[in-house]
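As stored in run.txt (compact mmCIF, C-alpha atoms and all ligand atoms):
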```txt
# COMPACT_ATOMS: atom_id res chain seq x y z
CA ILE A 123 12.26 -17.14 -6.60
CA VAL A 124 9.78 -15.84 -4.03
CA SER A 125 9.31 -19.22 -2.37
CA ARG A 126 10.42 -19.68 1.24
CA LYS A 127 11.85 -23.06 0.13
CA ASN A 128 14.25 -21.24 -2.16
CA GLN A 129 15.27 -18.63 0.42
CA PRO A 130 14.65 -19.33 4.12
CA ASP A 131 15.59 -15.80 5.24
CA ASN A 132 13.08 -12.95 5.03
CA THR A 133 13.57 -10.40 2.29
CA VAL A 134 14.22 -7.03 3.89
CA ILE A 135 13.56 -4.03 1.65
CA LYS A 136 15.29 -0.72 2.27
CA VAL A 137 13.39 2.42 1.33
CA GLN A 138 15.34 5.52 2.37
CA ASP A 139 16.07 4.84 6.08
CA CYS A 140 13.12 2.49 6.49
CA LEU A 141 13.45 -1.31 6.52
CA ILE A 142 10.42 -3.33 5.44
CA GLY A 143 10.26 -7.00 6.36
CA GLY A 144 12.85 -6.76 9.10
CA SER A 145 12.20 -6.91 12.82
CA ALA A 146 10.15 -3.69 12.85
CA GLN A 147 6.79 -3.02 11.27
CA VAL A 148 5.98 -0.13 8.93
CA MET A 149 3.01 2.18 8.58
CA ILE A 150 2.10 3.51 5.15
CA ALA A 151 -0.44 6.30 5.29
CA GLY A 152 -1.79 9.08 3.12
CA PRO A 153 -4.67 10.06 0.93
CA CYS A 154 -6.38 7.79 -1.56
CA SER A 155 -5.63 10.32 -4.33
CA VAL A 156 -3.22 13.21 -4.63
CA GLU A 157 -5.51 16.24 -4.90
CA SER A 158 -3.55 19.39 -4.01
CA TYR A 159 -0.38 20.67 -2.36
CA GLU A 160 -2.36 21.81 0.70
CA GLN A 161 -3.92 18.36 1.07
CA LEU A 162 -0.53 16.62 0.82
CA ARG A 163 1.19 19.07 3.16
CA SER A 164 -1.44 18.67 5.90
CA VAL A 165 -1.04 14.89 5.80
CA ALA A 166 2.75 14.94 5.44
CA SER A 167 3.23 17.16 8.47
CA VAL A 168 1.11 14.84 10.62
CA LEU A 169 2.98 11.77 9.39
CA LYS A 170 6.32 13.39 10.10
CA ASP A 171 5.28 14.31 13.65
CA ALA A 172 3.99 10.78 14.18
CA GLY A 173 7.24 9.20 12.97
CA VAL A 174 5.53 7.59 9.95
CA LYS A 175 8.04 7.44 7.12
CA ILE A 176 6.11 6.36 4.05
CA MET A 177 3.35 8.47 2.48
CA ARG A 178 0.91 7.08 -0.07
CA GLY A 179 -1.07 9.02 -2.68
CA GLY A 180 -2.60 7.86 -5.96
CA ALA A 181 -1.92 9.85 -9.12
CA PHE A 182 -3.18 7.30 -11.67
CA LYS A 183 -6.49 6.13 -10.24
CA PRO A 184 -8.10 2.93 -11.56
CA ARG A 185 -11.72 3.95 -10.91
CA THR A 186 -14.68 1.64 -11.36
CA SER A 187 -16.60 4.34 -13.25
CA PRO A 188 -14.98 6.25 -16.12
CA TYR A 189 -16.90 9.33 -14.96
CA ASP A 190 -15.15 9.38 -11.56
CA PHE A 191 -11.96 11.37 -10.80
CA GLN A 192 -9.12 9.66 -12.64
CA GLY A 193 -6.23 11.24 -10.74
CA LEU A 194 -3.79 14.04 -11.57
CA GLY A 195 -1.40 11.74 -13.46
CA VAL A 196 2.24 12.81 -13.78
CA GLU A 197 1.46 16.15 -12.14
CA GLY A 198 0.27 14.20 -9.09
CA LEU A 199 3.55 12.27 -8.92
CA ARG A 200 5.47 15.56 -9.10
CA MET A 201 3.40 17.03 -6.27
CA LEU A 202 3.88 13.91 -4.16
CA LYS A 203 7.66 14.07 -4.62
CA GLU A 204 7.87 17.77 -3.89
CA VAL A 205 5.95 17.49 -0.62
CA ALA A 206 7.66 14.25 0.45
CA ASP A 207 11.09 15.84 -0.09
CA GLU A 208 10.01 18.87 1.91
CA PHE A 209 9.07 16.63 4.87
CA GLY A 210 11.71 13.91 4.45
CA LEU A 211 9.24 11.13 3.66
CA ALA A 212 9.36 8.21 1.22
CA THR A 213 6.49 7.75 -1.21
CA ILE A 214 4.37 5.07 -2.81
CA SER A 215 1.97 5.52 -5.70
CA GLU A 216 0.14 3.28 -8.12
CA ILE A 217 1.50 2.80 -11.63
CA VAL A 218 -0.94 1.43 -14.20
CA HIS A 219 1.03 1.48 -17.46
CA PRO A 220 4.18 -0.50 -18.35
CA ALA A 221 5.60 2.60 -20.07
CA HIS A 222 5.45 4.57 -16.81
CA MET A 223 8.14 2.68 -14.87
CA GLU A 224 10.86 5.25 -15.58
CA LEU A 225 8.52 7.98 -14.49
CA ALA A 226 8.04 6.05 -11.24
CA GLU A 227 11.81 5.76 -10.73
CA GLN A 228 12.08 9.51 -11.19
CA TYR A 229 9.30 10.57 -8.79
CA ILE A 230 8.48 7.86 -6.24
CA ASP A 231 10.19 5.34 -3.96
CA ILE A 232 7.82 2.37 -4.24
CA ILE A 233 5.67 1.29 -7.19
CA GLN A 234 2.21 0.12 -6.21
CA ILE A 235 0.51 -2.40 -8.48
CA GLY A 236 -3.21 -2.20 -7.77
CA ALA A 237 -5.64 -5.02 -7.09
CA ARG A 238 -7.25 -4.63 -10.52
CA ASN A 239 -3.86 -5.07 -12.17
CA MET A 240 -2.55 -8.00 -10.15
CA GLN A 241 -2.67 -10.19 -13.23
CA ASN A 242 -1.74 -7.51 -15.78
CA PHE A 243 1.27 -9.55 -16.81
CA GLU A 244 2.88 -6.94 -19.07
CA LEU A 245 2.70 -4.46 -16.18
CA LEU A 246 4.21 -7.03 -13.79
CA LYS A 247 7.05 -7.73 -16.23
CA ALA A 248 7.75 -3.99 -16.57
CA ALA A 249 7.76 -3.60 -12.76
CA GLY A 250 10.20 -6.51 -12.69
CA GLU A 251 12.60 -4.43 -14.73
CA ALA A 252 12.21 -1.33 -12.56
CA LYS A 253 14.98 -0.35 -10.16
CA ILE A 254 12.74 0.46 -7.19
CA PRO A 255 10.67 -1.80 -4.87
CA VAL A 256 7.16 -2.91 -5.76
CA LEU A 257 4.13 -3.27 -3.51
CA LEU A 258 1.80 -5.78 -5.13
CA LYS A 259 -1.84 -5.73 -4.07
CA ARG A 260 -3.90 -8.91 -3.94
CA GLY A 261 -6.49 -9.08 -6.73
CA ILE A 262 -10.13 -8.62 -5.84
CA ALA A 263 -10.84 -12.32 -6.47
CA ALA A 264 -7.33 -13.77 -6.47
CA THR A 265 -6.36 -16.95 -4.70
CA LEU A 266 -3.15 -16.86 -2.68
CA GLU A 267 -1.52 -19.10 -5.27
CA GLU A 268 -2.39 -16.64 -8.05
CA PHE A 269 -1.09 -13.80 -5.86
CA VAL A 270 2.25 -15.56 -5.35
CA HIS A 271 2.54 -16.33 -9.08
CA ALA A 272 1.97 -12.63 -9.82
CA ALA A 273 4.84 -11.74 -7.46
CA GLU A 274 6.99 -14.31 -9.24
CA TYR A 275 6.32 -12.53 -12.57
CA ILE A 276 8.01 -9.45 -11.08
CA ALA A 277 10.87 -11.31 -9.39
CA VAL A 278 11.75 -13.39 -12.44
CA LYS A 279 12.54 -10.20 -14.36
CA GLY A 280 15.17 -9.31 -11.78
CA ASN A 281 13.35 -7.09 -9.26
CA THR A 282 13.18 -9.18 -6.09
CA ASN A 283 12.24 -6.19 -3.91
CA VAL A 284 8.59 -7.16 -3.89
CA MET A 285 6.12 -6.72 -1.02
CA LEU A 286 2.69 -8.30 -0.85
CA ILE A 287 -0.37 -6.58 0.54
CA GLU A 288 -3.69 -8.16 1.45
CA ARG A 289 -6.44 -5.60 0.64
CA GLY A 290 -9.55 -7.69 1.08
CA ILE A 291 -11.31 -9.97 -1.36
CA ARG A 292 -14.81 -9.90 -2.76
CA THR A 293 -17.31 -12.09 -0.95
CA TYR A 294 -21.08 -11.94 -0.33
CA GLU A 295 -20.55 -9.80 2.78
CA LYS A 296 -22.02 -6.31 2.56
CA TRP A 297 -21.08 -4.77 5.89
CA THR A 298 -17.53 -4.33 4.61
CA ARG A 299 -16.39 -3.17 1.15
CA ASN A 300 -14.23 -6.31 0.86
CA THR A 301 -13.51 -9.18 3.23
CA LEU A 302 -10.18 -8.94 5.04
CA ASP A 303 -8.54 -12.36 4.77
CA ILE A 304 -6.32 -12.49 7.83
CA SER A 305 -5.23 -16.05 7.03
CA ALA A 306 -3.43 -14.61 3.98
CA VAL A 307 -0.84 -13.10 6.32
CA PRO A 308 0.56 -16.25 7.96
CA LEU A 309 0.12 -18.26 4.75
CA LEU A 310 2.02 -15.77 2.59
CA LYS A 311 4.72 -15.48 5.27
CA GLN A 312 4.97 -19.28 5.31
CA GLU A 313 5.03 -19.75 1.54
CA THR A 314 7.22 -16.77 0.60
CA HIS A 315 10.10 -14.78 2.08
CA LEU A 316 8.56 -11.45 1.00
CA PRO A 317 7.28 -8.75 3.36
CA VAL A 318 3.51 -9.02 3.86
CA LEU A 319 1.35 -6.00 4.69
CA VAL A 320 -2.36 -5.36 5.23
CA ASP A 321 -4.37 -2.46 3.80
CA VAL A 322 -7.07 -1.97 6.40
CA SER A 323 -8.83 0.84 4.49
CA HIS A 324 -9.60 -0.98 1.22
CA SER A 325 -10.19 -4.28 3.06
CA THR A 326 -12.98 -2.86 5.14
CA GLY A 327 -14.10 0.31 3.35
CA ARG A 328 -14.87 1.65 6.84
CA LYS A 329 -13.30 3.91 9.44
CA ASP A 330 -14.71 2.39 12.64
CA ILE A 331 -12.99 -1.02 12.78
CA LEU A 332 -9.48 -0.15 11.62
CA LEU A 333 -7.79 -0.52 15.00
CA PRO A 334 -8.94 -4.12 15.66
CA CYS A 335 -8.20 -5.03 12.02
CA ALA A 336 -4.71 -3.51 12.18
CA LYS A 337 -4.05 -5.29 15.48
CA ALA A 338 -5.25 -8.58 14.00
CA ALA A 339 -2.95 -8.08 11.00
CA LEU A 340 0.07 -7.36 13.20
CA ALA A 341 -0.76 -10.22 15.58
CA ALA A 342 -0.91 -12.53 12.54
CA GLY A 343 2.62 -11.47 11.61
CA ALA A 344 2.14 -8.62 9.13
CA ASP A 345 5.19 -6.49 8.42
CA GLY A 346 3.12 -3.36 8.07
CA VAL A 347 -0.22 -1.68 7.70
CA MET A 348 -1.57 0.72 5.08
CA VAL A 349 -4.29 3.24 5.85
CA GLU A 350 -5.92 6.11 3.97
CA VAL A 351 -5.85 9.57 5.61
CA HIS A 352 -7.29 12.82 4.24
CA PRO A 353 -7.46 16.25 5.89
CA ASP A 354 -11.14 16.56 4.93
CA PRO A 355 -12.51 13.14 3.91
CA GLN A 356 -15.98 14.51 3.12
CA THR A 357 -14.57 16.47 0.19
CA ALA A 358 -12.20 13.72 -1.00
CA LEU A 359 -12.27 13.05 -4.75
CA SER A 360 -12.07 9.27 -4.17
CA ASP A 361 -12.86 6.86 -1.33
CA ALA A 362 -14.47 9.57 0.80
CA ALA A 363 -16.30 7.02 2.94
CA GLN A 364 -13.24 5.18 4.18
CA GLN A 365 -10.54 7.82 4.60
CA LEU A 366 -9.70 8.81 8.17
CA ASP A 367 -9.47 12.46 9.08
CA ILE A 368 -6.34 13.58 10.90
CA PRO A 369 -7.56 13.18 14.51
CA GLN A 370 -8.95 9.74 13.62
CA PHE A 371 -5.59 8.76 12.14
CA GLN A 372 -3.77 9.99 15.24
CA GLN A 373 -6.11 7.95 17.42
CA LEU A 374 -5.57 4.83 15.30
CA TRP A 375 -1.81 5.34 15.38
CA GLU A 376 -1.83 5.76 19.16
CA GLY A 377 -3.91 2.58 19.51
CA ILE A 378 -1.52 0.63 17.31
CA ARG A 379 1.53 1.89 19.21
CA LYS A 380 -0.10 1.14 22.58
CA SER A 381 -0.98 -2.41 21.52
CA GLY A 382 2.69 -3.34 21.67
CA LEU A 383 2.30 -5.21 18.37
CA PHE A 384 4.12 -2.52 16.39
CA LYS A 385 7.83 -2.28 17.16
C1 LIG A 401 -5.28 2.16 -3.74
O1 LIG A 401 -4.60 1.70 -2.82
O2 LIG A 401 -5.23 3.34 -4.08
C2 LIG A 401 -6.18 1.27 -4.48
C3 LIG A 401 -6.78 1.66 -5.61
O3 LIG A 401 -6.35 0.07 -3.92
P1 LIG A 401 -6.75 -1.35 -4.57
O4 LIG A 401 -5.91 -1.50 -5.80
O5 LIG A 401 -6.39 -2.31 -3.48
O6 LIG A 401 -8.21 -1.29 -4.84
MN MN A 402 -8.51 4.37 -2.11
```

How does the structure come out when it is put into structure tokens?
Ligand code: PEP
Ligand code: MN
Amino acid sequence: IVSRKNQPDNTVIKVQDCLIGGSAQVMIAGPCSVESYEQLRSVASVLKDAGVKIMRGGAFKPRTSPYDFQGLGVEGLRMLKEVADEFGLATISEIVHPAHMELAEQYIDIIQIGARNMQNFELLKAAGEAKIPVLLKRGIAATLEEFVHAAEYIAVKGNTNVMLIERGIRTYEKWTRNTLDISAVPLLKQETHLPVLVDVSHSTGRKDILLPCAKAALAAGADGVMVEVHPDPQTALSDAAQQLDIPQFQQLWEGIRKSGLFK
């Protein structure tokens, strides 16, 4: 279903008044985790002023350590919706349990399936039955073929509004949190008709090389970029090291716009 051979035309996904996979690119930005109303409002107001239409924020956080902040759960989804509605933004948040798809339909606009769950087949099947679009993250050690098969699991259940996002893979490199595989972008665009995005924050785990990485992604044909932004990254409850503060985000956004690669 997701193969370019089966459908030559690009899939274009409509989320509120935003088209993903069409002729224009999209920016998805927001905190790693939903933490408070004040945190969400500071980010939302900046996104609105910048013309960014999709806000991210994790409520169910798949943390490596069970002792780390696990997210605010349903309360986090409610907060995300309340603030997004206030500012006229669309939302994306990670769902980790097959039983939570209806909750997602109620509170968010796009279901994110995280890297650690790329091959959680029961979760993929449940997302395939959901009525809202899905952003599927590439697994930490997934080949592109495995990634495409995971997308097919969703599509075969009826939900063909699937977007793929490269978020870096695990290699021996230590200067970045993961290794951004730019070749994934043209290959996934060639093999599938789905929108392909790049998460520059989780790919690199850094704040200082996001502009060149975002430009590389867009130059390679990406339909959008995801980045983590927090009003006070030092106090963030997750991914403190990689989240941009607001001036850093504004600088990145200006650089992306100036590059001419983002229409
Ligand atoms: C995230 O985007 O919040 C996240 C946990 O990313 P990943 O699944 O790519 O690690
Ligand atoms: Mn994160």

If we count all atoms listed in the file, what is near Pro220 in chain A at a cut-off of 12 Å, once residues fewer than 4 positions away on the same chain are taken out, given as number ranges by chain?
A: 216, 224-226, 233, 235, 239, 242-252

Within 9 Å of ligand MN 402 (chain A), counting only C-alpha atoms and all ligand atoms, residues as a list in words:
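Result of the 9 Å neighbour search around ligand MN 402 (chain A): Pro153, Cys154, Ser155, Gly179, Gly180, Lys183, Ser323, His324, Gly327, Glu350, Ser360, Asp361, Ala362, Gln364 and Gln365 of chain A.
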
With a distance cut-off of 12 Å and all atoms listed in the file, select the neighbouring residues of Pro334 in chain A, excluding the residue or stretch itself and same-chain residues fewer than 6 positions from it, and output the selection as number ranges by chain.
A: 302, 304, 322, 326, 340-341, 374-375, 377-378, 381, 383

Residue with smallest distance to ligand LIG 401 (chain A) - pool A:Met240, A:Ala342, A:Ile142, A:Ala172, counting only C-alpha atoms and all ligand atoms:
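Between A:Met240, A:Ala342, A:Ile142, A:Ala172, the residue approaching ligand LIG 401 (chain A) most closely is A:Met240.
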
Which one is closest to Val284 in chain A: A:Gln370, A:Thr186, A:Thr314, A:Gln192? Count only C-alpha atoms.
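Looking at the shortest contact to Val284 in chain A, the residue is A:Thr314.
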
Given all atoms listed in the file as the basis, pick out the residue of A:Lys136, A:His222, A:Arg163, A:Lys170 nearest to Gln372 in chain A.
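Ranking A:Lys136, A:His222, A:Arg163, A:Lys170 by distance to Gln372 in chain A, first place goes to A:Lys170.
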
Using only C-alpha atoms, list the residues that have an atom at most 6 Å from (-4.2, -15.5, -0.2), coordinates as in the file, as a PDB file with C-alpha atoms, in the frame of the given file.
```
ATOM      1  CA  THR A 265      -6.360 -16.950  -4.700  1.00  0.00           C
ATOM      2  CA  LEU A 266      -3.150 -16.860  -2.680  1.00  0.00           C
ATOM      3  CA  ALA A 306      -3.430 -14.610   3.980  1.00  0.00           C
TER       4      ALA A 306
END
```

CA of Leu194 in chain A and CA of Gln356 in chain A, how far apart in Å?
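So the two atoms, CA of Gln356 in chain A and CA of Leu194 in chain A, lie 19.1 Å apart.
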
Got a sec to check which residues sit within 7 Å of (3.4, 0.5, 6.4), counting only C-alpha atoms, and write them as a PyMOL selection string?
chain A and resi 147-150+176+346-348

Near Lys385 in chain A, within 8 Å and counting all atoms listed in the file, which residues show up once chain neighbours fewer than 4 positions away are dropped, as a ChimeraX atom specification?
/A:145-147,379
